[in-house]
Protein chains: 2
Amino acid sequence: MILFWCFVTFLVTLCNGHLTYIAIRLPLQGSVAAPGAPWPHPKKWIQDSEVITLNVQNINIVHNIPGCDVLEEAANRHRDIIQLYDVGGATGNIRNIHVRVRSSVCERYPHDKMDESYSIYVDANVTLTSQTIWGALRGLETLSQLIYVDEKTNQVLMNKTTIHDEPRFGYRGLMVDTARHFIPVSILKKNLDAMSYNKLNVFHWHIVDDQSFPYESVTFPELSKKGAYSPVHVYSQADVAEIIEYARLRGIRVIPEFDTPGHTQSWGKSHKELLTPCWVNSTIGRALPNYHGAYEIFNPMLDTTFTFLRDFLAEIRKTFPDQYVHLGMDEAYPYCWQSSPNVTEFMEKNNMTEYSELEEYYTNRVLNVAKEVNYSYVIWQEPIEHGVKAKPDTIVEVWKGGRAVETNWAEYMANITQLGYKTILSSCWYLNYISYGQDWRKYYECEPHSFIGSEEQKERVIGGEACIWTEYVDGTNILSRLWPRASATAERLWSPRDVNDTEDAKYRLDQQRCRMLRRGIPAEPILDGYCGDYEAGTETHKDVQSYTGYTHYTDLTQNTAQTRIDCHRGSVNCCIQTNIGIITLTFYFLMSTLINKLSFKNDL
Amino acid sequence: MILFWCFVTFLVTLCNGHLTYIAIRLPLQGSVAAPGAPWPHPKKWIQDSEVITLNVQNINIVHNIPGCDVLEEAANRHRDIIQLYDVGGATGNIRNIHVRVRSSVCERYPHDKMDESYSIYVDANVTLTSQTIWGALRGLETLSQLIYVDEKTNQVLMNKTTIHDEPRFGYRGLMVDTARHFIPVSILKKNLDAMSYNKLNVFHWHIVDDQSFPYESVTFPELSKKGAYSPVHVYSQADVAEIIEYARLRGIRVIPEFDTPGHTQSWGKSHKELLTPCWVNSTIGRALPNYHGAYEIFNPMLDTTFTFLRDFLAEIRKTFPDQYVHLGMDEAYPYCWQSSPNVTEFMEKNNMTEYSELEEYYTNRVLNVAKEVNYSYVIWQEPIEHGVKAKPDTIVEVWKGGRAVETNWAEYMANITQLGYKTILSSCWYLNYISYGQDWRKYYECEPHSFIGSEEQKERVIGGEACIWTEYVDGTNILSRLWPRASATAERLWSPRDVNDTEDAKYRLDQQRCRMLRRGIPAEPILDGYCGDYEAGTETHKDVQSYTGYTHYTDLTQNTAQTRIDCHRGSVNCCIQTNIGIITLTFYFLMSTLINKLSFKNDL
């Protein structure tokens with residue numbers, strides 16, 4: 001048994017030296033991943049123990065659609081990423097990576113129907129094949145994750161590998177709120193990098209809200225002039241174009257959200273007439289704390305509300321290339337409408353008895369406006385819950401039921417898919433709700449099909465998204481808060497349903513977090529341990545520096561990095577050893593459960 | 001009432017434009033702080049509405065102990081900090097800040113008995129007086145916080161002010177664990193900056209633990225060679241000296257912790273003989289998951305354990321100038337000792353029947369070793385709980401009882417102070433235990449004297465400290481996780497007990513977080529809002545850049561900062577308006593509580 005424990009320690013140190021136990025009496029569970037284990041897990045992944053060596057200094061990614069910018073730039077990015085692994089080892093053999101895309105169409109923008117499947121063959125040659133350029137992008141990402149450094153020779157290796165991969169869900173999003181706190185363009189771009197490293201493909205940009213209106217409109221520039229926190233806290237048209245372009249080159253769609261009728265205080269800063277005047281004690285325009293502001297919720301009584309929105313959405317349709325816009329529609333609390341005698345009168349005139357009918361009236365008019373400007377839309381779940389009929393191609397986002405003391409999200413998923421809508425889930429992936437410890441586990445274990453419903457209903461689930469609301473988040477903490485926690489969501493949405501062993505996943509996730517650190521994303525740790533000299537605050541590889549523009553919080557003048565070490569320090573034999581280790585571990589744990597029920601220190 | 005709400009909005013925007021509500025129906029409570037409000041709150045602080053203008057370009061800090069490096073460097077630092085406020089306004093009048101220290105002694109190191117009191121007079125002249133250089137450091141920090149920029153003229157202002165200040169507690173610490181994750185020197189220095197901005201005066205360096213041994217010992221270099229995560233993850237003697245020097249110049253003591261007999265796996269990597277061999281089924285050196293490792297807990301049976309520790313502590317005593325060392329002594333779980341027939345035999349020989357007696361035996365021998373090398377010590381609470389007698393000048397750190405399902409910390413405080421020990425509290429300030437929302441409030445509201453005990457017992461409480469255990473923390477998130485949450489602890493330990501209105505404090509804390517951002521600390525937000533163009537990810541003032549060496553996660557090539565805005569944008573009239581606002585607000589909230597019981601969205 002002494003030998004056994006030494007062996008386990010050896011394995012953990014050698015293959016993935018970076019992840020360690022919480023306490024010596026609580027050894028890690030699960031199968032240690034071989035070095036170069038990709039995240040998210042491919043659909044089919046066969047790894048041979050034989051390796052090839054890479055000539056990283058002269059690595060060359062050759063593809064078959066010359067002039068296709070998406071492909072050209074992806075090849076350049078991944079060449080740079082692969083060269084990050086050049087830590088001074090001997091020159092390897094493989095110099096060329098061949099990318100063959102079957103369709104020669106160089107699409108300009110990623111879209112909801114894009115084919116992201118691909119295959120990888122690492123043998124005497126390294127070949128990536130895909131149907132489309134988008135599949136090639138996903139494949140290049142996986143390829144660059146197969147690479148690791150042999151700790152003894154510093155040579156850059158890849159195991160001989162066959163991969164056939166495609167996503168389980170087509171919509172794999174990340175929502176960022178830029179209204180509670182303004183998130184600078186540089187950080188949004190960094191976040192798009194991280195999304196691409198995790199194969200997420202939709203940036204849902206919750207761009208404005210009650211607190212601020214940072215979107216600089218061409219049609220109504222006064223919206224941000226008066227509604228932004230300050231002239232610094234604004235996304236100019238150039239900024240927006242820069243974000244969209246950056247996302248496009250990474251195969252990421254940008255879906256902006258303009259949430260109405262609630263969450264619209266900041267619109268009212270320049271266009272007070274858009275908001276409903278609320279009443280207190282027979283006086284118009286008065287706030288009642290806990291219930292409503294002085295003016296709030298878009299005014300459904302005025303036609304001008306809808307003509308304004310039509311002009312506004314017409315601009316948005318031109319600014320953002322995606323077919324979809326997110327129209328919000330959540331949390332339209334009725335208190336202000338209830339307070340207003342004018343609203344009562346309007347409802348009577350229009351034969352409405354319930355406030356939900358007024359909400360429906362508002363919603364229908366806005367959905368019609370969206371149709372007029374040829375927009376398809378995503379909306380939060382409320383209008384559908386309240387009985388509103390939306391266009392058949394509407395995507396409904398379930399966000400409620402993720403926290404305690406509420407209906408479970410599974411019920412909402414069952415109800416909304418039963419109505420025939422395409423549905424995305426975010427309830428269980430609100431990453432702003434932090435808790436102590438390994439909370440990525442609960443994101444990982446959230447299964448979007450875990451609700452009672454028919455096969456047809458399950459098929460209507462087109463994906464999901466992680467959300468970060470920024471009440472307590474800004475540039476200081478958004479990246480370390482999102483990553484690698486959002487990676488858990490990313491694997492759940494990409495990988496087959498049966499890739500769901502959290503204990504195994506943690507070793508790959510740890511590799512993924514080290515990988516992100518190496519590429520300049522300040523991804524926070526998931527457990528005790530370490531990565532390498534590219535950790536935040538240490539001196540980075542010069543290459544990382546120049547490639548990502550990643551610099552640290554702190555000055556880099558001091559010399560903490562005396563020697564270079566590598567995150568994925570596994571050797572070839574490591575994998576065989578790992579397999580023996582897995583079998584031994586399995587046996588050991590079966591035995592040890594007989595001795596005592598294991599309880600591990602997890603998240604809250 | 002419309003006017004009233006406009007007025008409130010105006011106030012919030014003008015004076016502290018950065019902090020906003022969670023939802024329009026939930027307006028902020030409390031009194032908005034005037035611009036230039038210091039954190040922690042001084043003991044006595046009288047602010048006049050009249051202002052003086054500063055000639056920041058030529059600001060000069062003149063003191064009366066020429067050649068005193070602590071004072072010279074503090075003057076330079078604060079000159080640089082004051083010049084961060086130079087945002088292109090007209091030249092002001094005041095050019096000199098006069099510092100008069102009564103004692104002309106230029107002490108080399110801060111210590112447990114240093115006098116940190118000071119007074120500030122801002123009138124026709126700006127004068128700071130103190131008994132010692134350490135008081136002058138604290139006063140310079142406060143002075144630099146009184147400064148703000150008039151938003152209309154961009155002139156740099158200070159209100160006429162009188163301050164008499166001294167700390168409530170002499171020990172105001174922050175513990176950082178550098179063993180679960182290695183924290184680079186650059187980030188530890190940044191953290192010392194932040195500590196000085198919040199008047200914390202002890203860096204408790206939990207330098208080694210089970211997981212790794214990053215301290216490079218001169219006497220036993222094999223400890224870090226085998227016990228560190230890697231050669232990169234080591235604090236060399238030069239690194240340690242650099243940290244101590246950096247802290248010294250900021251009036252911060254460095255107390256290293258070498259925790260025994262538990263938490264010592266990493267020592268065993270090179271010195272296995274230090275650990276007790278554990279037994280399973282009559283076999284030596286075997287682990288039993290959930291109970292013990294194969295070898296763990298220092299071996300109390302061997303004299304060599306104590307001679308090793310004596311040699312080691314003799315080195316530490318020379319390396320670290322402070323009179324105190326932290327000897328740990330927490331969580332010495334008995335399972336390994338219980339498993340060992342050798343331990344049973346040893347106990348029988350020495351007439352021990354309880355394992356706590358063995359713990360006492362171990363503890364006494366280590367405390368004697370510490371005495372031999374002329375060390376005073378801090379220990380965690382366990383040995384004292386278990387009946388061990390320690391030296392009268394021992395400081396006992398209460399850490400248990402801070403989370404649910406345990407004895408409340410107040411009981412521990414009562415028991416330990418009753419035994420006559422000097423006591424510090426950390427139970428309620430474990431900042432690694434994150435939770436959603438404004439959790440700084442609970443740190444702010446933790447009162448170290450809130451236990452049942454005599455006046456003498458209360459006097460034995462010499463302070464407390466915030467702790468950050470780094471199981472889930474490293475360079476990516478430590479600074480944003482600590483700040484401004486540790487600021488809450490800092491004010492509790494410095495300011496008078498009756499400075500305890502959390503609703504009021506949030507406005508000052510928000511100013512403090514913006515202040516820290518401006519100085520290059522990535523302090524995370526405490527609520528919706530914004531600071532200025534020096535936020536993380538935006539282009540900073542050139543001065544910040546050169547002064548702090550603060551750079552961002554991301555490249556700075558883009559130009560998001562079109563115009564310059566200032567965090568503390570208050571005008572002079574603002575304060576008067578604030579006062580009217582406070583009265584009106586008070587009246588309003590009294591009235592509104594009659595209408596409905598207010599419940600605010602707080603932390604979990």
# chains A, B, ... in the order shown; residues from 1 in each chain; ligands from 1

$ residues_around --residues "segment 501-505 of chain B" --least-positions-apart "3" --cutoff "6 Å" --atoms "only C-alpha atoms" --output "number ranges by chain"
B: 29-31, 508-509

$ residues_around --residues "segment 315-321 of chain B" --least-positions-apart "5" --cutoff "8 Å" --atoms "only C-alpha atoms" --output "MDAnalysis selection string"
chainID B and resid 109 217:219 241 244 254:256 373:375

$ select_by_dssp --residues "segment 170-398 of chain B" --states "helix (DSSP H, G or I)" --output "PyMOL selection string"
chain B and resi 185-197+222-227+237-248+265-268+272-274+303-319+335-339+341-349+355-372+382-385

$ closest_residue --among "A:Ile297, A:Ile46, A:Ala247, A:Ala23" --to "chain B" --atoms "only C-alpha atoms"
A:Ala23

$ closest_residue --among "B:Pro66, B:Arg481, B:Leu358, B:Leu275" --to "Ser435 of chain B" --atoms "only C-alpha atoms"
B:Arg481

$ closest_residue --among "B:Ile478, B:Tyr355, B:Asn159, B:Ile24" --to "Gly262 of chain A" --atoms "only C-alpha atoms"
B:Ile24

$ closest_residue --among "B:Leu143, B:Leu188, B:Leu223, B:Leu327" --to "His78 of chain B" --atoms "only C-alpha atoms"
B:Leu143

$ atom_distance --atom1 "atom CA of Glu242 of chain A" --atom2 "atom CA of Met329 of chain A"
27.7 Å

$ atom_distance --atom1 "atom CA of Leu192 of chain B" --atom2 "atom CA of Glu397 of chain B"
21.3 Å

$ select_by_dssp --residues "segment 296-405 of chain B" --states "strand (DSSP E)" --output "list in words"
Glu296, Ile297, Phe298, Tyr324, Val325, His326, Leu327, Gly328, Ser376, Tyr377, Val378, Ile379, Trp380, Ile395, Val396, Glu397 and Val398 of chain B

$ residues_around --residues "Val388 of chain A" --least-positions-apart "3" --cutoff "8 Å" --atoms "only C-alpha atoms" --output "JSON, numbers by chain"
{"A": [360, 363, 364, 383, 384, 385]}
